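Novice: Structure provided below as structure tokens; questions to follow.
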Amino acid sequence: MAGSEKSSKTGTTKEGQDEANAINMSLSALGNVISALSEGGNTFIPYRNHVLTKLMKDSLGGTAKTLMFVNCSPSVYNESETKNSLDYATRVKKIKNNVTKNIETKETLRLKGIM
């Protein structure tokens with residue numbers, strides 16, 4: 001998964017900006033799900049807010065173990081992106097899942113074409 005896109009740094013075109021906006025929206029939705037999972041005791045997890053989080057539902061909640069690799073830059077020029085990535089990873093680290101019976105959701109079965 002890509003990191004946050006900043007048009008001021010990349011000097012992107014209109015088409016590239018549309019792609020960057022889509023990346024940022026998906027990361028924002030993923031961040032909301034991660035925050036809800038890491039707070040614990042949350043009865044509502046906003047998986048349905050984005051296609052990405054709908055597809056990742058079985059990989060984030062339940063009995064799944066969430067792991068995130070962070071690529072950090074030593075350059076001062078990339079300091080804010082590195083800090084944001086580390087903050088994001090800190091939220092991922094706080095996810096606490098309850099161990100439950102491992103079952104496939106209706107969405108997983110539908111995507112597999114079994115239903």
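By convention here, the chains of the structure tokens are called A, B, ... in the order presented, each chain's residues are numbered starting at 1, and ligands are numbered starting at 1 in the order presented.
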Quick one: everything within 9 Å of stretch 83-88 of chain A, counting only C-alpha atoms, minus sequence neighbours fewer than 3 positions away in the same chain. Send it as a PDB file with C-alpha atoms, in the first residue's frame.
Specialist:
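The result, stored in result-v5.pdb:
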```pdb
ATOM      1  CA  GLY A   3       1.786   6.281   1.572  1.00  0.00           C
ATOM      2  CA  SER A   4       0.090   9.634   1.699  1.00  0.00           C
ATOM      3  CA  GLY A  31      -7.066   4.881   9.603  1.00  0.00           C
ATOM      4  CA  ILE A  34      -7.646   1.071  12.785  1.00  0.00           C
ATOM      5  CA  VAL A  70       7.027   1.402   7.727  1.00  0.00           C
ATOM      6  CA  ASN A  71       9.647   2.792   5.389  1.00  0.00           C
ATOM      7  CA  CYS A  72      11.326   5.761   7.093  1.00  0.00           C
ATOM      8  CA  ASN A  78      10.655  13.801   4.312  1.00  0.00           C
ATOM      9  CA  GLU A  79      10.375  14.347   8.060  1.00  0.00           C
ATOM     10  CA  SER A  80       6.611  14.999   8.156  1.00  0.00           C
ATOM     11  CA  ARG A  91      -2.197   3.113  16.045  1.00  0.00           C
ATOM     12  CA  VAL A  92      -1.887  -0.248  14.261  1.00  0.00           C
ATOM     13  CA  LYS A  93       0.190  -1.589  17.153  1.00  0.00           C
TER      14      LYS A  93
END
```
Novice: So that I can check the surroundings of A:Ala36, please list as a list in words every protein, DNA and RNA residue that reaches within 12 Å of it, counting only C-alpha atoms and ignoring chain neighbours fewer than 4 positions away.
Specialist: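 Once the adjacent positions are removed, what remains is Ala29, Leu30, Gly31, Asn32, Gly40, Gly41, Asn42, Thr43, Phe44, Ile45, Pro46, Tyr47, Leu60, Gly61, Arg91, Val92, Lys94, Ile95, Lys96 and Asn97 of chain A.
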Novice: Grab the atom CA of A:Ser35 to atom CA of A:Glu81 distance for me, in Å with one decimal place.
Specialist: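 Result for atom CA of A:Ser35 versus atom CA of A:Glu81: 18.9 Å, one decimal.
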Novice: DSSP on the backbone: what in chain A comes out helix (DSSP H, G or I), as a PyMOL selection string?
Specialist: chain A and resi 7-10+14-39+47-49+51-55+57-60+76-93+106-112
